[in-house]
Structure formats: C-alpha cells, structure tokens
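Asker: Structure provided below as structure tokens; questions to follow.
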Amino acid sequence: METLTVALADRAYPIHVGRALLDRGDLLLPYLRQPKVAIVSNTTVAPLYLERLSGSLRRAGIEVVEIILPDGEAFKNWQTLTTIFDVLLQARCERATTLLALGGGVVGDMTGFAAACFQRGMPFIQIPTTLLAQVDSSVGGKTAINHPLGKNMIGAFHQPKLVLADTDTLKTLPDRELRAGLAEVIKYGLIRDLPFFEWLEVHLEGLLCRDPELLAEAIVRSCRNKAEVVVADEHESGERALLNLGHTFGHAIETAMGYGQWLHGEAVAAGTLIAAQLSSQLGWLGASEIERVVRLFQRAGLPVFGPPLAVERYLELMQHDKKVREGKLRFVLLKDIGQAVVSEVAAESEVRRAILARSAHA
Ligand code: NAD
Ligand code: GLY
C-alpha cells in the first residue's frame, strides 16, 4: 500500500492506494467519530463489493447502515440525494456518523454533497471503485449534483477524512469505463507533468491491459498531482481551474447529449481536443504537439471529435461554466504539453472555429 497526504492543515487526510483494501476495516476505524457508518453505493457496485466492506466493519464492532442508489449519471440529482437523507433520518444517523462512498464518481460526488448538507455537515470517507474516481473525483473535496441546465451546478466543497483506493476493484470495471478514467489521467500530464505524459506514451497499452503495477503507478502519480494543486488552491480561485482542462466543452457535451450518454471522461477527451485546437489557433501548440495529444487519446480508445452538436448550443451551455466571470468565458488552454493556463484571450470567432474543427459532422 502506498500513502499520499492531502496537506490541508487541520483538514489534512491520507490517500491509501493498494490491493485488498476493502477488507481493511481497521484502516477506517481511526477516522470514525462514533461506531456507526452509513455506506452509500449503487445497484452495480453493491453486489460486487458492499458485503466485503460492511463485513469487515461489522467484525470490528461498527454498526453499518446501507444505502443503495440507482446507477448512472442520470440519477446524480436532487431526487436521489433526497433518498440518502431519507435513509439517514430513518436510521437515526447523527452528525457524528460517518458517510462512506463506495463506487465511482457519481456515488462519490453525491455522497460528499449529502455529507456536506446533512445536519450542516458530517464526516465522510471516499472508497472509489472506478479509475476515474481513484485518480480524480475522490480527492479534493468537490461534491455536487447535476441540474438539467448544467453539470455539477449544485454542490459544495467538503473534504473527505480519508480516501481508500483498492486497485483490485478495477478488475471488474468495464473497458469503456477504464478508458474514460484514462482521460483524466492524461489530463495531469497535459496540464503540469510532461514526464508523466511521456510515461503514459510508453505505458498506455499496459494500462489498457490492466497491469496492476502500472495502474497503481498511474493512480499514485495522478493523485500526487491532484493533491498538490488542491493544497495550493482548495477553493479554485486560481490554479485549481487548470484541473478543468477540456471540461468547459466537455460539460456542455454531457448536458446537451443527456447525462450518461457520453461518459464524463469521453466528453473530457473530446473537450480537451477542442481546447488543444484553440491553443494551436492562438499559436501556442504546434502541429506536432497536437498530433501527439490526439494520438495518445486515440490509443486510449477515447473520442477525439465531439458529437455533431450546434456551436450555438455549446455557447449557450458554456455560459453556466464555473469559470465564467462577469459573463465572460475563460478557458483552460495549453501553452505546451505539460503547461496549461487559464485564459480569456480567445475571441468568440476562434472558439467557434475550434469547436467546428473538432466536431464530428452529422
Ligand atoms: P460512475 O460513477 O458513473 O461509474 C461508472 C460506472 O461503473 C457505473 O455504472 C458504476 O456503477 C460502475 N462501477 C463503478 N465501480 C465499478 C467496479 N469496480 N466494477 C464494475 N463497475 C463499476 O462514473 P465515474 O467515471 O466514476 O465518475 C464520473 C462522475 O465523476 C461524473 O459525475 C463527474 O462529474 C464526476 N467527477 C467529479 C470530480 C470531482 O472532483 N468531484 C472530478 C471528476 C469527475
Ligand atoms: N476535477 C476538477 C477538480 O477537482 O478541481
């Protein structure tokens, strides 16, 4: 097991990455304020892993409440959130009860938001079971649900007490979900870590074959990048926005296509290529750099063109982007591979041109 720390002063917490961690209820015990937890999972993950986690906690004398949500991005909404609150109240959970998120980013984001709200804030622990959640969403304390008008529009910053990433759970992850997770892994290389990007160019096929050592290294290197950015700018007043490379366009794709049609990582991949295209139009990325980026996403089996979506629809949905300031769009762009910036220099005509250049045509 390898352990990193998100060094947020009095709210610092560890990220444990390793095998068979679901059986290690003992790792959770120091973080519980009372011998009672509520585990939130979904109808896909619970049959696979809930009993192992619940069993190891019960054997340690912990009372376990189980909350099983419907599976899917389409359920990351108010109604599902309410079902979490219903069970917490019916089971007489208290402010000192700990909420555990067992699942991918959807379960993690909703559980974290429920924990931020219930009785004005209860502790929670992330136990991510997708690659995307292990490298990104479980770390950093962003929690949210979707609104029909925009992705992750309703949420809160609420840091977990612990992140427990059991890499064995990735064995049952569908291929499409593994590839979607790789989009966020590649993101770290692109925004701030050229050596990691180069390492991914060497090891991409090994990661797709789920080589356990390569996956563990990719997770640790991703989490290290994420933890450094979060510690520098927890509430996204500056540098943290770089973690949203491709997300301004990607969130528009997810919302326009209907939540769950394009996976988050797929939309981020297509969005990253639009951002790279815009960067090249500004004279920042050369043709050979763009080709390198496209090639890596292609090898990962990720989309390198967005869906046939009208440019007007992109522009309308992007108005809800959280980087918009006084109505003006700002984008995460690439000065080079490994060097991202937040910029508002792109004229609307250039943004339109970049979207068109990177959209599949109907
Ligand atoms: P997801 O949570 O929908 O999980 C993907 C699918 O895999 C689901 O069907 C899930 O049930 C299934 N699954 C999960 N673990 C499994 C396992 N071990 N074996 C088999 N199936 C498994 O999707 P995701 O990609 O994990 O997360 C995407 C979400 O994360 C989006 O809502 C996105 O907005 C959010 N996100 C949040 C942050 C953040 O900082 N909070 C960062 C990135 C993404
Ligand atoms: N995934 C973007 C962030 O955590 O800031």
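Starting from 1 in every chain, residues are counted up; chains themselves are A, B, ... following the order of the structure tokens, and ligands are numbered from 1 as listed.
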For A:Ala156, find every residue with an atom within 8 Å (counting only C-alpha atoms), except residues of its own chain fewer than 2 positions away, and show them as a PyMOL selection string.

Answerer: chain A and resi 113+116+142-144+154+158

Asker: At a cut-off of 7 Å and counting only C-alpha atoms and all ligand atoms, what residues surround ligand 2? Please answer as a ChimeraX atom specification.

Answerer: /A:136-137,140,142,240-241,243-244

Asker: Export, as a PDB file, in the first residue's frame, the selected residues with N, CA, C and O atoms.

Answerer:
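Here's the written file result.pdb:
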ATOM      1  N   ASP A 136      -9.102  11.005  -9.521  1.00  0.00           N
ATOM      2  CA  ASP A 136      -9.571  12.384  -9.609  1.00  0.00           C
ATOM      3  C   ASP A 136     -10.691  12.703  -8.613  1.00  0.00           C
ATOM      4  O   ASP A 136     -10.490  13.395  -7.618  1.00  0.00           O
ATOM      5  N   SER A 137     -11.900  12.155  -8.863  1.00  0.00           N
ATOM      6  CA  SER A 137     -13.066  12.705  -8.155  1.00  0.00           C
ATOM      7  C   SER A 137     -13.067  12.450  -6.652  1.00  0.00           C
ATOM      8  O   SER A 137     -13.693  13.207  -5.901  1.00  0.00           O
ATOM      9  N   GLY A 140      -9.960  15.892  -3.171  1.00  0.00           N
ATOM     10  CA  GLY A 140     -10.069  17.337  -3.389  1.00  0.00           C
ATOM     11  C   GLY A 140     -11.316  18.003  -2.876  1.00  0.00           C
ATOM     12  O   GLY A 140     -11.384  19.233  -2.824  1.00  0.00           O
ATOM     13  N   LYS A 142     -14.470  18.338  -3.972  1.00  0.00           N
ATOM     14  CA  LYS A 142     -15.573  18.895  -4.762  1.00  0.00           C
ATOM     15  C   LYS A 142     -16.715  17.890  -4.747  1.00  0.00           C
ATOM     16  O   LYS A 142     -16.523  16.718  -5.095  1.00  0.00           O
ATOM     17  N   ARG A 240      -6.333  25.813  -9.379  1.00  0.00           N
ATOM     18  CA  ARG A 240      -7.162  24.594  -9.438  1.00  0.00           C
ATOM     19  C   ARG A 240      -8.008  24.526 -10.718  1.00  0.00           C
ATOM     20  O   ARG A 240      -8.361  23.440 -11.174  1.00  0.00           O
ATOM     21  N   ALA A 241      -8.322  25.692 -11.274  1.00  0.00           N
ATOM     22  CA  ALA A 241      -9.118  25.688 -12.509  1.00  0.00           C
ATOM     23  C   ALA A 241      -8.425  24.897 -13.614  1.00  0.00           C
ATOM     24  O   ALA A 241      -9.087  24.388 -14.530  1.00  0.00           O
ATOM     25  N   LEU A 243      -7.311  22.051 -13.501  1.00  0.00           N
ATOM     26  CA  LEU A 243      -7.798  20.662 -13.476  1.00  0.00           C
ATOM     27  C   LEU A 243      -9.019  20.490 -14.364  1.00  0.00           C
ATOM     28  O   LEU A 243      -9.475  19.379 -14.597  1.00  0.00           O
ATOM     29  N   ASN A 244      -9.573  21.612 -14.820  1.00  0.00           N
ATOM     30  CA  ASN A 244     -10.757  21.541 -15.671  1.00  0.00           C
ATOM     31  C   ASN A 244     -10.415  21.622 -17.149  1.00  0.00           C
ATOM     32  O   ASN A 244     -11.274  21.992 -17.962  1.00  0.00           O
TER      33      ASN A 244
END

Asker: Go through A:Glu66, A:Asp193, A:Glu254, A:Glu348 one by one, measure the shortest atom-to-atom distance of each to ligand 1 using only C-alpha atoms and all ligand atoms, and give the residue with the smallest value.

Answerer: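 That would be A:Glu254, the residue with the smallest distance to ligand 1.
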
Asker: How close does chain A get to ligand 1? List, as a Markdown table, each residue of chain A within 6 Å, its nearest atom pair and the distance in Å to one decimal, counting only C-alpha atoms and all ligand atoms.

Answerer:
| residue | atom | partner | partner_atom_place_in_ligand_line | distance |
| --- | --- | --- | --- | --- |
| A:Thr44 | CA | ligand 1 | 11 (O) | 4.7 |
| A:Val45 | CA | ligand 1 | 11 (O) | 5.4 |
| A:Asp71 | CA | ligand 1 | 11 (O) | 5.3 |
| A:Gly72 | CA | ligand 1 | 3 (O) | 5.0 |
| A:Glu73 | CA | ligand 1 | 3 (O) | 5.4 |
| A:Gly103 | CA | ligand 1 | 14 (C) | 5.0 |
| A:Gly104 | CA | ligand 1 | 2 (O) | 3.2 |
| A:Gly105 | CA | ligand 1 | 27 (O) | 3.2 |
| A:Val106 | CA | ligand 1 | 2 (O) | 3.8 |
| A:Val107 | CA | ligand 1 | 2 (O) | 5.7 |
| A:Asp109 | CA | ligand 1 | 41 (N) | 5.4 |
| A:Thr129 | CA | ligand 1 | 15 (N) | 4.2 |
| A:Thr130 | CA | ligand 1 | 15 (N) | 4.5 |
| A:Leu132 | CA | ligand 1 | 25 (O) | 5.0 |
| A:Ala133 | CA | ligand 1 | 26 (O) | 4.8 |
| A:Asp136 | CA | ligand 1 | 42 (C) | 5.1 |
| A:Ser137 | CA | ligand 1 | 38 (C) | 3.5 |
| A:Lys142 | CA | ligand 1 | 41 (N) | 4.2 |
| A:Thr143 | CA | ligand 1 | 41 (N) | 5.1 |
| A:Thr169 | CA | ligand 1 | 18 (N) | 4.3 |
| A:Leu170 | CA | ligand 1 | 18 (N) | 4.9 |
| A:Thr172 | CA | ligand 1 | 19 (N) | 4.1 |
| A:Leu173 | CA | ligand 1 | 19 (N) | 3.8 |
| A:Glu177 | CA | ligand 1 | 5 (C) | 5.9 |
| A:His264 | CA | ligand 1 | 28 (C) | 5.5 |

Asker: Write out the residues from the selection above, keeping N, CA and C atoms, as an mmCIF file, in the first residue's frame.

Answerer:
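File again34.cif, as written:
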data_model
loop_
_atom_site.group_PDB
_atom_site.id
_atom_site.type_symbol
_atom_site.label_atom_id
_atom_site.label_comp_id
_atom_site.auth_asym_id
_atom_site.auth_seq_id
_atom_site.Cartn_x
_atom_site.Cartn_y
_atom_site.Cartn_z
ATOM 1 N N THR A 44 -24.993 -1.471 -9.027
ATOM 2 C CA THR A 44 -23.947 -2.236 -9.729
ATOM 3 C C THR A 44 -22.798 -2.590 -8.786
ATOM 4 N N VAL A 45 -22.373 -1.624 -7.999
ATOM 5 C CA VAL A 45 -21.180 -1.817 -7.156
ATOM 6 C C VAL A 45 -21.519 -2.616 -5.890
ATOM 7 N N ASP A 71 -28.085 3.270 -10.431
ATOM 8 C CA ASP A 71 -26.775 3.518 -11.057
ATOM 9 C C ASP A 71 -26.906 4.464 -12.247
ATOM 10 N N GLY A 72 -26.050 5.464 -12.291
ATOM 11 C CA GLY A 72 -25.943 6.255 -13.525
ATOM 12 C C GLY A 72 -25.893 7.753 -13.284
ATOM 13 N N GLU A 73 -25.224 8.419 -14.236
ATOM 14 C CA GLU A 73 -25.110 9.883 -14.209
ATOM 15 C C GLU A 73 -26.499 10.540 -14.218
ATOM 16 N N GLY A 103 -18.053 3.498 -4.604
ATOM 17 C CA GLY A 103 -18.468 3.497 -6.005
ATOM 18 C C GLY A 103 -17.625 4.438 -6.830
ATOM 19 N N GLY A 104 -18.153 4.810 -7.993
ATOM 20 C CA GLY A 104 -17.445 5.726 -8.881
ATOM 21 C C GLY A 104 -17.701 7.175 -8.495
ATOM 22 N N GLY A 105 -17.397 8.050 -9.451
ATOM 23 C CA GLY A 105 -17.509 9.480 -9.169
ATOM 24 C C GLY A 105 -18.930 9.941 -8.906
ATOM 25 N N VAL A 106 -19.905 9.260 -9.492
ATOM 26 C CA VAL A 106 -21.293 9.681 -9.270
ATOM 27 C C VAL A 106 -21.671 9.446 -7.812
ATOM 28 N N VAL A 107 -21.392 8.243 -7.314
ATOM 29 C CA VAL A 107 -21.678 7.944 -5.899
ATOM 30 C C VAL A 107 -20.847 8.871 -4.994
ATOM 31 N N ASP A 109 -19.511 11.908 -5.594
ATOM 32 C CA ASP A 109 -19.947 13.316 -5.610
ATOM 33 C C ASP A 109 -21.248 13.500 -4.827
ATOM 34 N N THR A 129 -14.139 3.189 -6.681
ATOM 35 C CA THR A 129 -14.007 1.883 -7.339
ATOM 36 C C THR A 129 -13.888 1.987 -8.857
ATOM 37 N N THR A 130 -13.822 3.206 -9.414
ATOM 38 C CA THR A 130 -13.509 3.351 -10.844
ATOM 39 C C THR A 130 -12.136 4.011 -10.958
ATOM 40 N N LEU A 132 -11.481 6.537 -12.833
ATOM 41 C CA LEU A 132 -11.701 7.984 -12.789
ATOM 42 C C LEU A 132 -11.814 8.485 -11.351
ATOM 43 N N ALA A 133 -12.541 7.752 -10.525
ATOM 44 C CA ALA A 133 -12.719 8.188 -9.136
ATOM 45 C C ALA A 133 -11.418 8.040 -8.348
ATOM 46 N N ASP A 136 -9.102 11.005 -9.521
ATOM 47 C CA ASP A 136 -9.571 12.384 -9.609
ATOM 48 C C ASP A 136 -10.691 12.703 -8.613
ATOM 49 N N SER A 137 -11.900 12.155 -8.863
ATOM 50 C CA SER A 137 -13.066 12.705 -8.155
ATOM 51 C C SER A 137 -13.067 12.450 -6.652
ATOM 52 N N LYS A 142 -14.470 18.338 -3.972
ATOM 53 C CA LYS A 142 -15.573 18.895 -4.762
ATOM 54 C C LYS A 142 -16.715 17.890 -4.747
ATOM 55 N N THR A 143 -17.888 18.345 -4.350
ATOM 56 C CA THR A 143 -19.053 17.461 -4.304
ATOM 57 C C THR A 143 -20.191 18.164 -5.041
ATOM 58 N N THR A 169 -10.424 -3.478 -7.235
ATOM 59 C CA THR A 169 -11.801 -3.272 -7.720
ATOM 60 C C THR A 169 -11.815 -2.952 -9.219
ATOM 61 N N LEU A 170 -10.671 -2.505 -9.750
ATOM 62 C CA LEU A 170 -10.649 -2.143 -11.178
ATOM 63 C C LEU A 170 -10.749 -3.371 -12.083
ATOM 64 N N THR A 172 -13.081 -5.480 -12.252
ATOM 65 C CA THR A 172 -14.450 -5.688 -12.755
ATOM 66 C C THR A 172 -14.975 -4.484 -13.535
ATOM 67 N N LEU A 173 -14.142 -3.470 -13.696
ATOM 68 C CA LEU A 173 -14.605 -2.252 -14.380
ATOM 69 C C LEU A 173 -14.739 -2.509 -15.885
ATOM 70 N N GLU A 177 -15.352 2.162 -19.257
ATOM 71 C CA GLU A 177 -15.155 2.998 -18.062
ATOM 72 C C GLU A 177 -13.663 3.174 -17.760
ATOM 73 N N HIS A 264 -18.392 10.894 -18.680
ATOM 74 C CA HIS A 264 -17.664 12.121 -18.325
ATOM 75 C C HIS A 264 -16.273 12.142 -18.967
#

Asker: Where does DSSP see alpha helix (DSSP H) in stretch 152-315 of chain A, if you list the residues as a PyMOL selection string?

Answerer: chain A and resi 175-192+194-208+212-232+247-257+264-281+287-299+311-315

Asker: Determine, counting only C-alpha atoms, which protein, DNA and RNA residues have an atom within 10 Å of an atom of stretch 283-291 of chain A; residues of the same chain fewer than 2 positions away are not included. Present the result as a list in words.

Answerer: Leu273, Ala276, Gln277, Leu278, Ser279, Ser280, Gln281, Val293, Val294, Arg295, Leu296, Leu333, Leu334, Lys335, Asp336 and Ile337 of chain A

Asker: Please return as a VMD selection string: the residues of stretch 137-207 of chain A that backbone DSSP assigns to strand (DSSP E).

Answerer: chain A and resid 142 to 147 150 to 157 163 to 166

Asker: Suppose you want the space between atom CA of A:Ala360 and atom CA of A:Pro303; what is it in Å?

Answerer: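 Separation between atom CA of A:Ala360 and atom CA of A:Pro303: 9.9 Å.
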
Asker: Considering only C-alpha atoms, return as a PyMOL selection string whatever protein or nucleic-acid residues lie within 9 Å of A:Ala256, sequence-local ones (same chain, fewer than 4 positions apart) excluded.

Answerer: chain A and resi 149-150+251-252+309+313-314+317

Asker: Could you save the residues just selected, with all heavy atoms, as a CSV table (one decimal), in the first residue's frame?

Answerer:
chain,number,residue,atom,x,y,z
A,149,LEU,N,-30.0,22.1,-16.4
A,149,LEU,CA,-29.4,23.1,-17.2
A,149,LEU,C,-27.9,23.1,-17.2
A,149,LEU,O,-27.2,23.9,-17.9
A,149,LEU,CB,-29.9,24.5,-16.7
A,149,LEU,CG,-31.3,24.9,-17.0
A,149,LEU,CD1,-31.7,26.2,-16.4
A,149,LEU,CD2,-31.6,24.8,-18.5
A,150,GLY,N,-27.3,22.3,-16.3
A,150,GLY,CA,-25.8,22.3,-16.2
A,150,GLY,C,-25.2,21.3,-15.3
A,150,GLY,O,-25.8,21.0,-14.2
A,251,HIS,N,-18.4,19.5,-20.3
A,251,HIS,CA,-19.7,19.6,-19.6
A,251,HIS,C,-20.8,19.9,-20.5
A,251,HIS,O,-21.9,19.5,-20.4
A,251,HIS,CB,-19.5,20.6,-18.5
A,251,HIS,CG,-18.8,20.1,-17.3
A,251,HIS,ND1,-18.3,21.0,-16.3
A,251,HIS,CD2,-18.4,18.9,-16.9
A,251,HIS,CE1,-17.7,20.3,-15.4
A,251,HIS,NE2,-17.7,19.0,-15.7
A,252,ALA,N,-20.5,20.8,-21.5
A,252,ALA,CA,-21.6,21.2,-22.5
A,252,ALA,C,-22.0,19.9,-23.2
A,252,ALA,O,-23.2,19.7,-23.5
A,252,ALA,CB,-21.1,22.2,-23.4
A,309,LEU,N,-22.9,18.6,-32.6
A,309,LEU,CA,-23.7,19.5,-31.8
A,309,LEU,C,-23.5,20.9,-32.3
A,309,LEU,O,-22.4,21.3,-32.6
A,309,LEU,CB,-23.2,19.3,-30.3
A,309,LEU,CG,-23.8,20.0,-29.2
A,309,LEU,CD1,-25.2,19.5,-29.0
A,309,LEU,CD2,-23.0,19.7,-27.9
A,313,ARG,N,-25.3,25.8,-29.4
A,313,ARG,CA,-25.7,25.0,-28.2
A,313,ARG,C,-24.5,25.0,-27.2
A,313,ARG,O,-24.7,25.1,-26.0
A,313,ARG,CB,-26.1,23.6,-28.6
A,313,ARG,CG,-26.7,22.7,-27.5
A,313,ARG,CD,-28.1,23.1,-27.3
A,313,ARG,NE,-28.7,22.2,-26.2
A,313,ARG,CZ,-29.0,22.5,-25.0
A,313,ARG,NH1,-28.9,23.8,-24.6
A,313,ARG,NH2,-29.5,21.7,-24.1
A,314,TYR,N,-23.3,24.8,-27.8
A,314,TYR,CA,-22.1,24.8,-26.9
A,314,TYR,C,-22.1,26.2,-26.2
A,314,TYR,O,-21.9,26.3,-25.0
A,314,TYR,CB,-20.8,24.7,-27.8
A,314,TYR,CG,-20.3,23.3,-28.0
A,314,TYR,CD1,-20.5,22.7,-29.2
A,314,TYR,CD2,-19.5,22.7,-27.1
A,314,TYR,CE1,-20.0,21.4,-29.5
A,314,TYR,CE2,-19.0,21.4,-27.3
A,314,TYR,CZ,-19.3,20.8,-28.5
A,314,TYR,OH,-18.7,19.5,-28.8
A,317,LEU,N,-24.7,26.6,-23.4
A,317,LEU,CA,-24.4,25.8,-22.2
A,317,LEU,C,-23.2,26.2,-21.5
A,317,LEU,O,-23.1,26.2,-20.3
A,317,LEU,CB,-24.3,24.3,-22.6
A,317,LEU,CG,-25.7,23.7,-23.0
A,317,LEU,CD1,-25.5,22.3,-23.7
A,317,LEU,CD2,-26.5,23.5,-21.7

Asker: For A:Gly112, list every protein, DNA or RNA residue within 12 Å, evaluated using only C-alpha atoms, and leave out those in the same chain fewer than 4 positions away; present the list as a ChimeraX atom specification.

Answerer: /A:39-40,76,81,84,98-102,105-108,116-118,121-127,137-145,155-161

Asker: Grab the atom CA of A:Phe75 to atom CA of A:Lys151 distance for me, in Å with one decimal place.

Answerer: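 The value is 12.2 Å.
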
Asker: May I ask which of the residues A:Pro148, A:Pro47, A:Gly55, A:Pro307 is the closest one to A:Ile68, counting only C-alpha atoms?

Answerer: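 Of all the options, A:Pro47 lies closest to A:Ile68.
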
Asker: If you count only C-alpha atoms, which residues fall within 9 Å of A:Glu350, apart from same-chain ones fewer than 3 positions away, as a PyMOL selection string?

Answerer: chain A and resi 278+281-282+346-347+353-355

Asker: Which is closest to A:Val345 among A:Leu329, A:Ser222, A:Gly250, A:Ala275, if we use only C-alpha atoms?

Answerer: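 For A:Val345, the nearest of the given residues is A:Leu329.
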
Asker: Using only C-alpha atoms, can you tell me which of A:Gln261, A:Asn146, A:Thr3, A:Ser41 comes closest to A:Leu27?

Answerer: A:Thr3
